[in-house]
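S.K.: The structure that follows is given in the form of structure tokens.
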Amino acid sequence: RAEAQEYHGPRVAIGTKIIPVEVMRTGEEIQRGLSGRATLQKDTGMLFLFEKPDIYRFWMKDMEFPIDIIWLDSARRVAYIAARVPPLKAGAVPVFYASKAPAQYVLELNAGESARLGLTKGVRVDFSGLE
């Protein structure tokens, strides 16, 4: 029986749970995010890296599915969670989501994942394989 290969690409660790992530760094990547995709693969995420802590607003432009948006401070601790954020309906006025405290990183997961993983304010999220 073959052993499962360990994932060595970009990932976040929440406790003992390892989650492969796509990393968004450039303005264009950050603006695009998950827009236009049909799904986010199960047990994966998208990690947005910003150069400095600030209030970063997100909205659900061209989104097809609900997600959890998790803002992390510069120490990589959860600052705020917007859970089960629904896609923007056609013709609807955009709703913007933002942390109330400055954040430097944003993690997007499938809707419900933050609760399943026990993410709450102050929980540390470790990153590896980003370079």
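In the structure tokens, the first chain shown is A, the next is B, and so on; residue numbers restart at 1 for each chain, and ligands run from 1 in the order shown.
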Which residues of stretch 18-66 of chain A have any atom within 9 Å of an atom in stretch 93-102 of chain A when counting only C-alpha atoms, and what is the closest pair of atoms for each, with the distance in Å to one decimal? Order the rows by chain and rising number and write it as a tab-separated table.
M.R.:
```
residue	atom	partner	partner_atom	distance
A:Pro53	CA	A:Pro102	CA	5.3
A:Asp54	CA	A:Pro102	CA	4.4
A:Ile55	CA	A:Pro102	CA	4.9
A:Tyr56	CA	A:Ala98	CA	5.8
A:Arg57	CA	A:Ala98	CA	4.6
A:Phe58	CA	A:Tyr97	CA	5.2
A:Trp59	CA	A:Phe96	CA	4.8
A:Met60	CA	A:Pro94	CA	7.5
A:Lys61	CA	A:Pro94	CA	7.7
```
S.K.: Using backbone DSSP assignments, extract all alpha helix (DSSP H) residues from chain A; output them as a ChimeraX atom specification.
M.R.: /A:27-32,113-116
S.K.: Once you have the residues from the selection above, write them out as a compact mmCIF listing (two decimals), in the first residue's frame, restricted to C-alpha atoms.
M.R.:
```
# COMPACT_ATOMS: atom_id res chain seq x y z
CA GLY A 27 -2.23 43.48 -6.76
CA GLU A 28 -3.70 41.64 -9.75
CA GLU A 29 -3.72 38.28 -7.94
CA ILE A 30 -5.26 39.82 -4.82
CA GLN A 31 -7.95 41.58 -6.83
CA ARG A 32 -8.85 38.38 -8.74
CA GLU A 113 -14.31 25.44 7.59
CA SER A 114 -13.27 28.08 10.15
CA ALA A 115 -15.81 26.69 12.66
CA ARG A 116 -14.90 23.09 11.85
```
S.K.: Could you tell me how far atom CA of A:Ile14 lies from atom CA of A:Val125, in Å and to one decimal?
M.R.: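 The value is 5.2 Å.
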S.K.: Got a sec to tell me which of stretch 21-123 of chain A DSSP assigns to strand (DSSP E or B), as JSON, numbers by chain?
M.R.: {"A": [21, 22, 23, 24, 45, 46, 47, 48, 49, 50, 51, 52, 53, 54, 57, 58, 67, 68, 69, 70, 71, 72, 77, 78, 79, 80, 81, 82, 83, 84, 85, 97, 98, 103, 104, 105, 106, 107, 108, 109, 110]}
S.K.: Write out the residues from the selection above, keeping C-alpha atoms, as a CSV table (one decimal), in the first residue's frame.
M.R.:
```
chain,number,residue,atom,x,y,z
A,21,VAL,CA,-3.1,27.1,-0.1
A,22,GLU,CA,-2.7,29.2,-3.2
A,23,VAL,CA,-0.8,32.3,-2.4
A,24,MET,CA,-1.9,35.7,-3.8
A,45,GLY,CA,-7.5,27.6,0.8
A,46,MET,CA,-6.3,30.8,-0.6
A,47,LEU,CA,-3.9,33.0,1.3
A,48,PHE,CA,-3.5,36.7,0.6
A,49,LEU,CA,-0.2,38.3,1.7
A,50,PHE,CA,-0.1,42.1,2.2
A,51,GLU,CA,3.1,44.1,2.8
A,52,LYS,CA,1.9,45.8,6.0
A,53,PRO,CA,-1.0,45.6,8.5
A,54,ASP,CA,-4.0,47.6,7.4
A,57,ARG,CA,-11.8,45.1,2.5
A,58,PHE,CA,-13.1,42.1,0.5
A,67,ILE,CA,-16.6,31.2,1.8
A,68,ASP,CA,-15.1,32.0,5.2
A,69,ILE,CA,-12.8,35.0,5.2
A,70,ILE,CA,-10.3,35.0,8.0
A,71,TRP,CA,-8.1,38.1,8.7
A,72,LEU,CA,-4.8,37.5,10.5
A,77,ARG,CA,-3.2,35.4,14.9
A,78,VAL,CA,-6.9,35.5,13.9
A,79,ALA,CA,-8.1,39.1,14.1
A,80,TYR,CA,-11.6,38.6,12.6
A,81,ILE,CA,-13.7,36.0,10.8
A,82,ALA,CA,-16.5,36.6,8.4
A,83,ALA,CA,-18.2,33.2,8.2
A,84,ARG,CA,-20.3,31.7,5.4
A,85,VAL,CA,-20.1,34.9,3.3
A,97,TYR,CA,-16.2,42.7,4.6
A,98,ALA,CA,-13.3,43.9,6.7
A,103,ALA,CA,-4.5,42.6,9.5
A,104,GLN,CA,-1.6,41.7,7.3
A,105,TYR,CA,-2.9,38.3,5.9
A,106,VAL,CA,-6.2,37.0,4.8
A,107,LEU,CA,-7.1,33.3,4.5
A,108,GLU,CA,-10.2,32.2,2.5
A,109,LEU,CA,-11.6,28.7,3.1
A,110,ASN,CA,-14.8,27.0,2.1
```
S.K.: Would you work out the distance separating atom CA of A:Thr44 from atom CA of A:Leu119, expressed in Å to one decimal?
M.R.: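 These atoms are spaced 15.2 Å apart.
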S.K.: Residues within 10 Å of A:Gly129, please, as a list in words. Count only C-alpha atoms; anything in the same chain fewer than 3 positions from it doesn't count.
M.R.: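 Non-adjacent residues within range: Tyr7, His8, Gly9, Pro10, Arg11, Val12, Pro20 and Val21 of chain A.
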S.K.: Go ahead and write the selection's residues with N, CA, C and O atoms as a PDB file, in the first residue's frame.
M.R.:
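To be explicit, this is the file written out as out-v3.pdb:
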```
ATOM      1  N   TYR A   7       2.587  16.935   1.420  1.00  0.00           N
ATOM      2  CA  TYR A   7       2.484  18.121   0.580  1.00  0.00           C
ATOM      3  C   TYR A   7       3.574  19.110   0.979  1.00  0.00           C
ATOM      4  O   TYR A   7       3.714  19.438   2.151  1.00  0.00           O
ATOM      5  N   HIS A   8       4.377  19.577   0.002  1.00  0.00           N
ATOM      6  CA  HIS A   8       5.497  20.479   0.296  1.00  0.00           C
ATOM      7  C   HIS A   8       5.299  21.883  -0.264  1.00  0.00           C
ATOM      8  O   HIS A   8       6.176  22.718  -0.144  1.00  0.00           O
ATOM      9  N   GLY A   9       4.176  22.150  -0.900  1.00  0.00           N
ATOM     10  CA  GLY A   9       3.923  23.482  -1.440  1.00  0.00           C
ATOM     11  C   GLY A   9       3.466  24.436  -0.354  1.00  0.00           C
ATOM     12  O   GLY A   9       3.517  24.118   0.844  1.00  0.00           O
ATOM     13  N   PRO A  10       2.988  25.616  -0.747  1.00  0.00           N
ATOM     14  CA  PRO A  10       2.506  26.589   0.239  1.00  0.00           C
ATOM     15  C   PRO A  10       1.357  25.990   1.062  1.00  0.00           C
ATOM     16  O   PRO A  10       0.470  25.336   0.520  1.00  0.00           O
ATOM     17  N   ARG A  11       1.425  26.218   2.376  1.00  0.00           N
ATOM     18  CA  ARG A  11       0.400  25.640   3.247  1.00  0.00           C
ATOM     19  C   ARG A  11       0.290  26.454   4.531  1.00  0.00           C
ATOM     20  O   ARG A  11       1.218  27.168   4.902  1.00  0.00           O
ATOM     21  N   VAL A  12      -0.837  26.302   5.177  1.00  0.00           N
ATOM     22  CA  VAL A  12      -1.031  26.873   6.504  1.00  0.00           C
ATOM     23  C   VAL A  12      -1.292  25.710   7.455  1.00  0.00           C
ATOM     24  O   VAL A  12      -1.772  24.661   7.040  1.00  0.00           O
ATOM     25  N   PRO A  20      -3.259  22.958   2.247  1.00  0.00           N
ATOM     26  CA  PRO A  20      -2.580  23.540   1.082  1.00  0.00           C
ATOM     27  C   PRO A  20      -3.290  24.827   0.669  1.00  0.00           C
ATOM     28  O   PRO A  20      -4.520  24.896   0.704  1.00  0.00           O
ATOM     29  N   VAL A  21      -2.503  25.845   0.306  1.00  0.00           N
ATOM     30  CA  VAL A  21      -3.081  27.129  -0.091  1.00  0.00           C
ATOM     31  C   VAL A  21      -2.451  27.630  -1.376  1.00  0.00           C
ATOM     32  O   VAL A  21      -1.297  27.345  -1.677  1.00  0.00           O
TER      33      VAL A  21
END
```
S.K.: Could you please determine the separation between atom CA of A:Arg124 and atom CA of A:Met63 in Å, to one decimal place?
M.R.: 27.5 Å
